[in-house]
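my_file35.cif follows (mmCIF, C-alpha atoms and all ligand atoms):
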```cif
data_target
loop_
_atom_site.label_atom_id
_atom_site.label_comp_id
_atom_site.auth_asym_id
_atom_site.auth_seq_id
_atom_site.Cartn_x
_atom_site.Cartn_y
_atom_site.Cartn_z
CA MET A 1 20.30 -5.56 22.14
CA LYS A 2 18.99 -7.03 18.88
CA LYS A 3 18.82 -4.66 15.97
CA ILE A 4 16.54 -4.62 12.92
CA MET A 5 16.79 -2.36 9.90
CA PHE A 6 13.79 -1.68 7.64
CA THR A 7 13.78 -0.24 4.14
CA GLY A 8 11.09 0.49 1.55
CA GLY A 9 9.45 3.57 0.11
CA GLY A 10 8.32 5.65 -2.81
CA SER A 11 4.63 5.24 -1.97
CA ALA A 12 2.67 4.31 1.16
CA GLY A 13 2.19 0.84 -0.27
CA HIS A 14 5.93 0.27 0.25
CA VAL A 15 5.84 1.40 3.88
CA THR A 16 2.57 0.04 5.35
CA VAL A 17 3.84 -3.46 6.21
CA ASN A 18 6.91 -1.98 7.90
CA LEU A 19 4.69 0.29 9.99
CA ALA A 20 2.70 -2.74 11.17
CA LEU A 21 5.87 -4.64 12.16
CA ILE A 22 7.86 -1.91 13.90
CA PRO A 23 5.81 -1.88 17.18
CA ARG A 24 6.10 -5.69 17.42
CA PHE A 25 9.89 -5.50 17.39
CA GLN A 26 9.96 -2.56 19.78
CA GLU A 27 7.74 -4.45 22.26
CA GLU A 28 10.36 -7.23 22.28
CA GLY A 29 13.15 -4.74 22.98
CA TRP A 30 14.75 -4.58 19.50
CA SER A 31 16.23 -1.30 18.32
CA VAL A 32 14.82 -0.11 14.99
CA ASP A 33 16.51 1.73 12.12
CA TYR A 34 14.74 2.76 8.90
CA VAL A 35 16.54 3.58 5.67
CA GLY A 36 14.53 5.53 3.11
CA SER A 37 14.88 8.42 0.75
CA GLU A 38 15.66 11.92 1.97
CA ALA A 39 12.23 13.36 1.18
CA GLY A 40 9.85 10.51 0.26
CA ILE A 41 6.60 9.57 2.00
CA GLU A 42 8.51 6.99 4.07
CA ARG A 43 10.35 9.80 5.86
CA GLN A 44 6.99 11.28 6.90
CA LEU A 45 5.40 7.94 7.87
CA ALA A 46 8.29 6.04 9.47
CA GLY A 47 10.58 8.92 10.43
CA SER A 48 7.96 10.33 12.79
CA LEU A 49 7.57 7.12 14.82
CA PRO A 50 8.93 7.15 18.38
CA GLU A 51 12.35 5.61 18.82
CA VAL A 52 12.88 4.84 15.15
CA ARG A 53 16.19 6.14 13.83
CA TYR A 54 15.56 7.33 10.28
CA HIS A 55 18.43 7.49 7.78
CA GLY A 56 17.81 9.32 4.49
CA ILE A 57 19.93 8.29 1.47
CA ALA A 58 20.17 9.62 -2.09
CA THR A 59 17.83 7.81 -4.48
CA GLY A 60 16.81 7.79 -8.11
CA LYS A 61 13.49 6.90 -9.61
CA LEU A 62 12.47 4.66 -12.48
CA ARG A 63 10.36 6.80 -14.81
CA ARG A 64 8.40 5.40 -17.75
CA TYR A 65 8.79 8.71 -19.62
CA PHE A 66 11.63 11.04 -20.72
CA SER A 67 12.99 13.49 -18.13
CA TRP A 68 16.40 15.12 -17.64
CA GLN A 69 16.25 13.62 -14.16
CA ASN A 70 16.79 10.24 -15.86
CA VAL A 71 20.33 11.41 -16.71
CA LYS A 72 21.13 12.54 -13.16
CA ASP A 73 19.52 9.65 -11.35
CA PRO A 74 22.14 6.94 -11.93
CA PHE A 75 24.68 9.15 -10.09
CA LYS A 76 22.28 9.54 -7.17
CA VAL A 77 21.77 5.78 -7.07
CA VAL A 78 25.54 5.20 -6.88
CA LYS A 79 25.82 7.79 -4.09
CA GLY A 80 22.92 6.11 -2.25
CA ALA A 81 24.59 2.73 -2.60
CA PHE A 82 27.78 4.03 -0.92
CA GLN A 83 25.72 5.68 1.83
CA ALA A 84 23.78 2.47 2.44
CA TYR A 85 26.92 0.32 2.47
CA ASN A 86 28.68 2.57 5.00
CA LEU A 87 25.59 2.89 7.18
CA ILE A 88 25.10 -0.88 7.39
CA ARG A 89 28.81 -1.46 8.05
CA LYS A 90 28.56 0.99 10.98
CA GLU A 91 25.19 -0.13 12.39
CA LYS A 92 25.60 -3.89 11.78
CA PRO A 93 21.91 -4.83 12.15
CA ASP A 94 21.01 -8.48 12.82
CA VAL A 95 18.63 -8.45 9.87
CA LEU A 96 17.34 -6.22 7.05
CA PHE A 97 13.65 -6.35 6.14
CA SER A 98 12.92 -4.82 2.74
CA LYS A 99 9.47 -3.89 1.54
CA GLY A 100 10.59 -2.90 -1.97
CA GLY A 101 10.40 0.33 -3.93
CA PHE A 102 13.36 1.86 -5.71
CA VAL A 103 15.12 3.06 -2.54
CA SER A 104 15.44 -0.50 -1.27
CA VAL A 105 17.82 -1.91 -3.90
CA PRO A 106 21.08 -0.22 -2.74
CA VAL A 107 20.17 -0.98 0.87
CA VAL A 108 19.70 -4.68 0.14
CA LEU A 109 23.00 -4.73 -1.74
CA GLY A 110 24.76 -2.95 1.15
CA ALA A 111 23.39 -5.53 3.60
CA TRP A 112 24.49 -8.43 1.42
CA LEU A 113 28.01 -7.03 1.07
CA ASN A 114 28.17 -6.67 4.86
CA ARG A 115 26.84 -10.21 5.36
CA VAL A 116 23.63 -9.05 7.00
CA PRO A 117 20.77 -11.49 6.25
CA VAL A 118 17.94 -10.00 4.16
CA LEU A 119 14.24 -10.89 4.02
CA LEU A 120 12.01 -9.29 1.35
CA HIS A 121 8.29 -8.68 1.22
CA GLU A 122 6.12 -8.54 -1.91
CA SER A 123 2.55 -7.22 -1.70
CA ASP A 124 1.58 -7.54 -5.35
CA LEU A 125 0.70 -10.60 -7.35
CA THR A 126 3.82 -10.25 -9.52
CA PRO A 127 7.11 -8.97 -8.09
CA GLY A 128 8.13 -5.36 -8.68
CA LEU A 129 11.44 -4.51 -10.35
CA ALA A 130 13.15 -3.69 -7.03
CA ASN A 131 12.31 -7.10 -5.58
CA LYS A 132 13.21 -8.86 -8.83
CA ILE A 133 16.72 -7.39 -8.53
CA ALA A 134 16.95 -7.81 -4.75
CA ILE A 135 15.86 -11.44 -4.59
CA ARG A 136 19.29 -12.82 -5.47
CA PHE A 137 20.74 -11.11 -2.37
CA ALA A 138 17.96 -12.26 -0.01
CA THR A 139 17.35 -15.45 1.93
CA GLY A 140 13.61 -15.32 1.29
CA VAL A 141 10.54 -13.36 0.16
CA CYS A 142 7.25 -13.13 2.04
CA THR A 143 4.38 -13.15 -0.44
CA THR A 144 0.80 -11.95 -0.10
CA PHE A 145 -1.02 -13.58 -3.03
CA PRO A 146 -0.77 -17.38 -3.27
CA GLU A 147 -0.19 -17.00 -7.04
CA THR A 148 3.11 -15.10 -6.51
CA GLU A 149 5.16 -18.18 -5.72
CA ALA A 150 5.15 -19.14 -9.41
CA HIS A 151 6.89 -15.82 -10.26
CA MET A 152 9.72 -16.17 -7.70
CA ARG A 153 13.11 -17.72 -8.43
CA GLY A 154 14.84 -20.46 -6.51
CA GLY A 155 12.14 -21.57 -4.05
CA LYS A 156 12.62 -18.50 -1.87
CA ALA A 157 8.93 -17.58 -1.51
CA HIS A 158 7.08 -17.95 1.81
CA HIS A 159 3.37 -17.40 1.31
CA VAL A 160 2.18 -15.59 4.44
CA GLY A 161 -0.94 -13.72 3.24
CA ALA A 162 -1.78 -10.06 3.76
CA VAL A 163 -0.27 -8.09 6.63
CA ILE A 164 -2.97 -5.80 8.04
CA ARG A 165 -2.21 -2.98 10.51
CA GLU A 166 -3.88 -3.86 13.80
CA GLU A 167 -5.46 -0.42 14.24
CA LEU A 168 -7.40 -0.81 10.99
CA LEU A 169 -9.49 -3.50 12.66
CA GLN A 170 -10.46 -1.11 15.49
CA GLY A 171 -12.40 1.42 13.35
CA ASP A 172 -15.80 2.73 14.38
CA ALA A 173 -18.43 3.53 11.74
CA ALA A 174 -20.31 6.11 13.84
CA ARG A 175 -17.07 7.95 14.59
CA GLY A 176 -16.23 7.93 10.87
CA ARG A 177 -19.59 9.41 9.90
CA ALA A 178 -19.32 12.03 12.65
CA PHE A 179 -15.80 12.99 11.50
CA CYS A 180 -17.22 13.74 8.03
CA GLY A 181 -20.29 15.50 9.40
CA PHE A 182 -22.57 12.93 7.73
CA THR A 183 -26.00 13.02 9.36
CA ALA A 184 -28.19 11.57 6.57
CA VAL A 185 -29.10 7.88 6.42
CA ARG A 186 -27.79 7.55 2.87
CA PRO A 187 -25.03 4.93 2.50
CA VAL A 188 -21.39 5.96 2.56
CA LEU A 189 -19.17 5.57 -0.51
CA LEU A 190 -15.43 5.71 0.22
CA ILE A 191 -13.23 6.68 -2.73
CA MET A 192 -9.52 5.97 -2.42
CA GLY A 193 -7.22 6.56 -5.35
CA GLY A 194 -4.25 4.75 -3.75
CA SER A 195 -1.85 6.58 -1.52
CA LEU A 196 -0.99 9.04 -4.32
CA GLY A 197 -4.55 9.76 -5.48
CA ALA A 198 -5.78 9.08 -9.01
CA ARG A 199 -6.45 11.99 -11.35
CA ARG A 200 -8.72 10.12 -13.80
CA ILE A 201 -10.87 8.70 -11.00
CA ASN A 202 -11.06 12.10 -9.28
CA GLN A 203 -12.19 13.83 -12.48
CA THR A 204 -14.86 11.28 -13.35
CA VAL A 205 -16.27 11.17 -9.82
CA ARG A 206 -16.35 14.95 -9.64
CA SER A 207 -18.22 15.34 -12.89
CA LEU A 208 -20.89 13.02 -11.39
CA LEU A 209 -21.09 14.68 -7.97
CA ASP A 210 -24.70 15.95 -8.31
CA GLU A 211 -25.89 12.53 -9.29
CA LEU A 212 -23.79 10.53 -6.83
CA THR A 213 -24.61 12.63 -3.77
CA LYS A 214 -28.33 11.88 -4.30
CA THR A 215 -27.61 8.24 -3.48
CA PHE A 216 -24.45 8.35 -1.35
CA GLN A 217 -22.57 10.38 1.19
CA ILE A 218 -19.02 10.43 -0.18
CA VAL A 219 -15.61 10.42 1.52
CA HIS A 220 -13.01 11.15 -1.11
CA LEU A 221 -9.32 10.52 -0.37
CA CYS A 222 -8.04 12.35 -3.40
CA GLY A 223 -4.25 12.59 -2.95
CA LYS A 224 -1.81 15.42 -2.29
CA GLY A 225 -2.75 18.77 -3.83
CA ASN A 226 -6.08 17.47 -5.17
CA VAL A 227 -8.60 18.91 -2.71
CA ASP A 228 -10.91 21.30 -4.59
CA PRO A 229 -12.64 23.71 -2.13
CA SER A 230 -15.08 24.87 -4.83
CA LEU A 231 -16.75 21.45 -4.68
CA GLU A 232 -17.54 21.56 -0.96
CA ARG A 233 -21.12 20.59 -0.11
CA PRO A 234 -22.96 18.54 2.53
CA GLY A 235 -22.44 14.83 1.96
CA TYR A 236 -19.10 15.24 0.16
CA MET A 237 -15.88 15.28 2.21
CA GLN A 238 -12.45 15.49 0.61
CA PHE A 239 -9.08 14.76 2.21
CA GLU A 240 -5.65 14.62 0.62
CA TYR A 241 -4.51 11.73 2.82
CA VAL A 242 -5.55 10.59 6.28
CA GLN A 243 -3.65 8.60 8.89
CA GLN A 244 -5.29 8.07 12.31
CA GLU A 245 -8.81 8.62 10.94
CA LEU A 246 -8.51 5.95 8.22
CA PRO A 247 -9.84 3.03 10.35
CA ASP A 248 -13.03 4.96 11.23
CA LEU A 249 -13.55 6.15 7.65
CA VAL A 250 -13.19 2.63 6.24
CA ALA A 251 -15.50 1.28 8.96
CA SER A 252 -18.15 3.83 7.98
CA ALA A 253 -18.09 2.83 4.28
CA ASP A 254 -20.89 0.72 2.82
CA ILE A 255 -19.03 0.31 -0.46
CA VAL A 256 -15.64 1.39 -1.78
CA LEU A 257 -14.29 2.69 -5.08
CA SER A 258 -10.53 2.21 -5.22
CA ARG A 259 -7.35 1.69 -7.20
CA ALA A 260 -6.09 -1.89 -6.88
CA GLY A 261 -2.92 -1.37 -4.82
CA SER A 262 -2.35 -4.56 -2.90
CA ASN A 263 -2.39 -3.18 0.65
CA SER A 264 -5.59 -1.25 0.09
CA ILE A 265 -7.56 -4.12 -1.42
CA PHE A 266 -6.53 -6.62 1.26
CA GLU A 267 -7.51 -4.09 3.92
CA PHE A 268 -10.97 -3.81 2.32
CA LEU A 269 -11.17 -7.60 2.12
CA ALA A 270 -10.28 -7.95 5.81
CA LEU A 271 -13.04 -5.47 6.67
CA ARG A 272 -15.51 -7.08 4.22
CA LYS A 273 -16.09 -3.94 2.15
CA PRO A 274 -17.61 -4.56 -1.31
CA MET A 275 -15.33 -2.82 -3.80
CA LEU A 276 -15.26 -1.47 -7.31
CA LEU A 277 -11.62 -1.51 -8.45
CA ILE A 278 -10.16 0.66 -11.20
CA PRO A 279 -6.60 -0.65 -11.54
CA LEU A 280 -3.74 1.54 -12.73
CA SER A 281 -3.42 0.95 -16.49
CA ARG A 282 -0.51 -0.69 -18.30
CA GLN A 283 0.48 2.72 -19.74
CA GLN A 284 1.10 4.02 -16.23
CA SER A 285 2.57 0.92 -14.57
CA ARG A 286 3.79 -2.61 -15.12
CA GLY A 287 0.16 -3.79 -14.93
CA ASP A 288 0.46 -5.24 -11.41
CA GLN A 289 -2.81 -3.70 -10.25
CA ILE A 290 -4.69 -5.28 -13.15
CA LEU A 291 -3.52 -8.71 -12.00
CA ASN A 292 -4.35 -7.89 -8.36
CA ALA A 293 -7.86 -6.83 -9.39
CA LYS A 294 -8.44 -9.85 -11.64
CA SER A 295 -7.49 -12.20 -8.84
CA PHE A 296 -10.02 -10.53 -6.51
CA GLN A 297 -12.65 -10.55 -9.24
CA ALA A 298 -12.20 -14.29 -9.80
CA ALA A 299 -12.78 -14.83 -6.07
CA GLY A 300 -16.01 -12.78 -6.22
CA PHE A 301 -14.73 -9.98 -3.95
CA CYS A 302 -15.11 -7.03 -6.32
CA GLU A 303 -16.31 -5.44 -9.52
CA VAL A 304 -13.58 -4.26 -11.90
CA LEU A 305 -13.60 -1.38 -14.36
CA GLU A 306 -10.47 -0.99 -16.46
CA GLU A 307 -9.28 2.57 -16.99
CA GLU A 308 -9.79 2.36 -20.77
CA GLU A 309 -13.49 1.66 -20.10
CA LEU A 310 -13.89 4.41 -17.51
CA THR A 311 -16.73 6.72 -18.55
CA GLU A 312 -19.30 8.51 -16.39
CA GLN A 313 -21.97 6.09 -17.44
CA ALA A 314 -19.87 2.97 -16.87
CA LEU A 315 -18.92 4.21 -13.41
CA LEU A 316 -22.53 4.88 -12.40
CA GLN A 317 -23.63 1.51 -13.72
CA LYS A 318 -20.89 -0.43 -11.90
CA LEU A 319 -21.43 1.42 -8.64
CA SER A 320 -25.13 0.72 -8.61
CA LEU A 321 -24.50 -2.94 -9.47
CA LEU A 322 -22.02 -3.15 -6.60
CA TYR A 323 -24.41 -1.53 -4.15
CA GLU A 324 -27.35 -3.74 -5.18
CA ASN A 325 -25.29 -6.90 -4.79
CA ARG A 326 -23.34 -5.81 -1.72
CA GLU A 327 -24.57 -8.68 0.48
CA GLN A 328 -23.36 -11.25 -2.06
CA TYR A 329 -19.87 -9.68 -2.12
CA LYS A 330 -19.74 -9.65 1.66
CA ALA A 331 -20.77 -13.31 1.79
CA ASN A 332 -17.98 -14.20 -0.68
CA MET A 333 -15.45 -12.24 1.39
CA ARG A 334 -16.53 -13.94 4.61
CA LYS A 335 -15.51 -17.26 3.03
CA SER A 336 -11.89 -16.12 2.63
CA GLU A 337 -9.73 -16.95 5.60
CA MET A 338 -7.48 -14.15 6.80
CA ASN A 339 -4.60 -15.72 8.69
CA ASP A 340 -2.38 -13.78 11.07
CA ALA A 341 0.20 -12.76 8.47
CA LEU A 342 1.69 -10.11 10.76
CA THR A 343 2.81 -12.77 13.24
CA ALA A 344 3.98 -15.07 10.45
CA VAL A 345 6.26 -12.35 9.00
CA PHE A 346 7.45 -11.35 12.48
CA GLU A 347 8.54 -14.94 13.19
CA LEU A 348 10.20 -15.32 9.78
CA ILE A 349 12.23 -12.16 10.31
CA LYS A 350 13.46 -13.41 13.70
CA LYS A 351 14.38 -16.75 12.12
CA THR A 352 16.28 -14.92 9.36
CA ALA A 353 18.12 -12.82 11.98
CA SER A 354 19.41 -15.92 13.73
CA LYS A 355 20.92 -17.36 10.52
C1 LIG B 401 1.23 4.18 -8.22
C2 LIG B 401 1.89 3.01 -7.58
O1 LIG B 401 3.09 2.81 -7.67
N1 LIG B 401 1.09 2.15 -6.94
C3 LIG B 401 1.60 0.99 -6.22
C4 LIG B 401 1.70 1.32 -4.77
O2 LIG B 401 0.40 1.81 -4.47
P1 LIG B 401 -0.06 2.56 -3.15
O3 LIG B 401 1.04 3.25 -2.47
O4 LIG B 401 -1.29 3.29 -3.49
O5 LIG B 401 -0.33 1.27 -2.31
P2 LIG B 401 -1.42 0.41 -1.62
O6 LIG B 401 -2.76 0.60 -2.17
O7 LIG B 401 -0.86 -0.98 -1.62
O8 LIG B 401 -1.33 0.99 -0.13
C5 LIG B 401 -1.71 2.26 0.23
C6 LIG B 401 -1.67 2.32 1.74
O9 LIG B 401 -1.89 3.66 2.13
C7 LIG B 401 -2.91 3.71 3.10
N2 LIG B 401 -3.61 5.00 2.98
C8 LIG B 401 -4.11 5.44 1.77
C9 LIG B 401 -4.78 6.65 1.67
C10 LIG B 401 -4.92 7.42 2.85
O10 LIG B 401 -5.48 8.52 2.85
N3 LIG B 401 -4.39 6.95 4.02
C11 LIG B 401 -3.74 5.77 4.12
O11 LIG B 401 -3.28 5.38 5.20
C12 LIG B 401 -3.80 2.50 2.80
O12 LIG B 401 -4.55 2.13 3.94
C13 LIG B 401 -2.77 1.47 2.39
O13 LIG B 401 -2.24 0.79 3.50
O14 LIG B 401 2.10 0.18 -4.02
C14 LIG B 401 1.26 -0.99 -4.14
C15 LIG B 401 1.86 -2.10 -3.28
O15 LIG B 401 3.12 -2.47 -3.74
C16 LIG B 401 1.10 -1.38 -5.61
O16 LIG B 401 0.14 -2.43 -5.67
C17 LIG B 401 0.66 -0.19 -6.41
O17 LIG B 401 0.59 -0.54 -7.78
#
```
How would this structure read if it were set down as structure tokens?
Amino acid sequence: MKKIMFTGGGSAGHVTVNLALIPRFQEEGWSVDYVGSEAGIERQLAGSLPEVRYHGIATGKLRRYFSWQNVKDPFKVVKGAFQAYNLIRKEKPDVLFSKGGFVSVPVVLGAWLNRVPVLLHESDLTPGLANKIAIRFATGVCTTFPETEAHMRGGKAHHVGAVIREELLQGDAARGRAFCGFTAVRPVLLIMGGSLGARRINQTVRSLLDELTKTFQIVHLCGKGNVDPSLERPGYMQFEYVQQELPDLVASADIVLSRAGSNSIFEFLALRKPMLLIPLSRQQSRGDQILNAKSFQAAGFCEVLEEEELTEQALLQKLSLLYENREQYKANMRKSEMNDALTAVFELIKKTASK
């Protein structure tokens, strides 16, 4: 029996592509292992899948601020590296597919030391730190944005496009509205602050609720611990995070307000949803979302509002501009070809396994 090992985690964005690929391999009779952190979101998302053997390892985290954890973390990373090495030596998978995130680096290294071929995947326009380190141990990197190739060393990039989970294309708008109890004819605004929520966006939207609910019915995916019951009212539904319902909720949206995480924005593109993007700022990240958003803006797919310019007034103005011009955005999105990236990555992984 052929065996594939997946790794990737830290946020849903580093798990989504793996989730789309796992059923494909299972249908062809491969056994599937997943290596992630002991308690991260990947354990919840991938560890609960049928017939996936989940292995938790010790991990550290790269923080852009001071914390005593920064002193302890290097030891955890070394421990995780030993765990990953021993696990791969024991399991001997035919291939490792790595979606990035901090947990993936020791796993990639463990595979390389055990002579297991490694294929990486990069969702963002510029590679994250984990993939920048891992690339020297990998045979190739699947990229989502065409621009990414220029940032990759040694001709290892394979531009495949965006991998979209098949179930996202099966959403039903009426079911989505019914799930939220929306009975008015007002358009639906979906707000998604990335898989982890977005405090600034949540605050600004909430201070405008009276105004916004006159025009829209709002579904707000606000991130863990961010639901505020005191704000409950007809036409405003809040969820921390949704899984099975997401396809219906996206289908029901007329326009979207979102962070600019790569998976999210390509999902909205695939479903032709006009979007206003508020990318994570350079203070909070390496600026990858700003580049993602600018690339979409240049193609005419979205409006962009940088976090430094985020005020109540600017948000209202951009949202009404987006809604007025929604047909133009949809027309621009219809011109973009979405190839079957899921199959392209699936075939590349099998090719890598036979090396
Ligand atoms: C803070 C942070 O590090 N953000 C990064 C992270 O974002 P983040 O984890 O937010 O990633 P993405 O926006 O790429 O993906 C989020 C995924 O979660 C799903 N989803 C979201 C909300 C929900 O309620 N249910 C649900 O299923 C979305 O459909 C999507 O598939 O990874 C992205 C891809 O590398 C990067 O571009 C982001 O910069």
Review point. With all atoms listed in the file as the atoms that count, which of A:Met333, A:Pro229, A:Ile4, A:Phe182 lies nearest to Val118 (chain A)?
Key: A:Ile4
Check your understanding: Which is closest to Ile290 (chain A) among A:Leu305, A:Ala20, A:Leu212, A:Leu348, if we use only C-alpha atoms?
Key ->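 Closest to Ile290 (chain A) of all the choices is A:Leu305.
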**Study point:** Nearby residues (all atoms listed in the file) at most 10 Å from Gln83 (chain A), same-chain spacing under 2 positions excluded, as a PyMOL selection string
**Key:** chain A and resi 55-58+77-81+85-89+106-107+110
Point to revise | region 151-156 of chain A surroundings by all atoms listed in the file, 10 Å radius, close-in-sequence under 4 positions cut, as a list of chain:residue names | key: A:Leu119, A:Leu120, A:Leu125, A:Thr126, A:Pro127, A:Asn131, A:Lys132, A:Ile135, A:Arg136, A:Ala138, A:Thr139, A:Gly140, A:Val141, A:Cys142, A:Thr143, A:Glu147
Practice item. May I ask you to write as a list of chain:residue names all residues lying at most 6 Å from ligand LIG 401 (chain B), with only C-alpha atoms and all ligand atoms counted? Key: A:Ser11, A:Ala12, A:Gly13, A:His14, A:Thr16, A:Ser123, A:Asp124, A:Gly194, A:Ser195, A:Leu196, A:Leu221, A:Tyr241, A:Val242, A:Gln243, A:Leu246, A:Gly261, A:Ser262, A:Asn263, A:Ser264, A:Asp288, A:Gln289
Practice item. Have a look at CA of Glu167 (chain A) and CA of Phe301 (chain A) and let me know their distance in Å, one decimal. Key: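 Computed distance, CA of Glu167 (chain A) to CA of Phe301 (chain A), equals 22.5 Å.
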Exercise for review: Measuring atom to atom with only C-alpha atoms, identify which of A:Gly176, A:Ala341, A:Leu316, A:Lys355 is nearest to His159 (chain A).
Suggested key: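 Closest to His159 (chain A) of all the choices is A:Ala341.
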Check your understanding: Rounded to one decimal in Å, what is the spacing between CA of Ser252 (chain A) and CA of Leu321 (chain A)?
Key ->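 Going from CA of Ser252 (chain A) over to CA of Leu321 (chain A) covers 19.8 Å.
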Exercise for review: Tell me which protein, DNA and RNA residues are within 8 Å of Val105 (chain A), counting only C-alpha atoms, leaving out same-chain ones fewer than 4 positions away, and put them as a PyMOL selection string.
Suggested key: chain A and resi 100-101+109+130-131+133-134
Check your understanding: Hey, which of A:Ala46, A:Met275, A:Leu189, A:Ile265 ends up closest to Val304 (chain A)? Count only C-alpha atoms.
Key ->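 Distance minimum relative to Val304 (chain A) lands on A:Met275.
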Review point. Taking all atoms listed in the file into account, which of A:Leu291, A:Val116, A:Lys2, A:Ile349 comes nearest Phe145 (chain A)?
Key: A:Leu291
Check your understanding: What is the CA of Glu308 (chain A) to CA of Asn292 (chain A) distance in Å?
Key ->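 Computed distance, CA of Glu308 (chain A) to CA of Asn292 (chain A), equals 17.0 Å.
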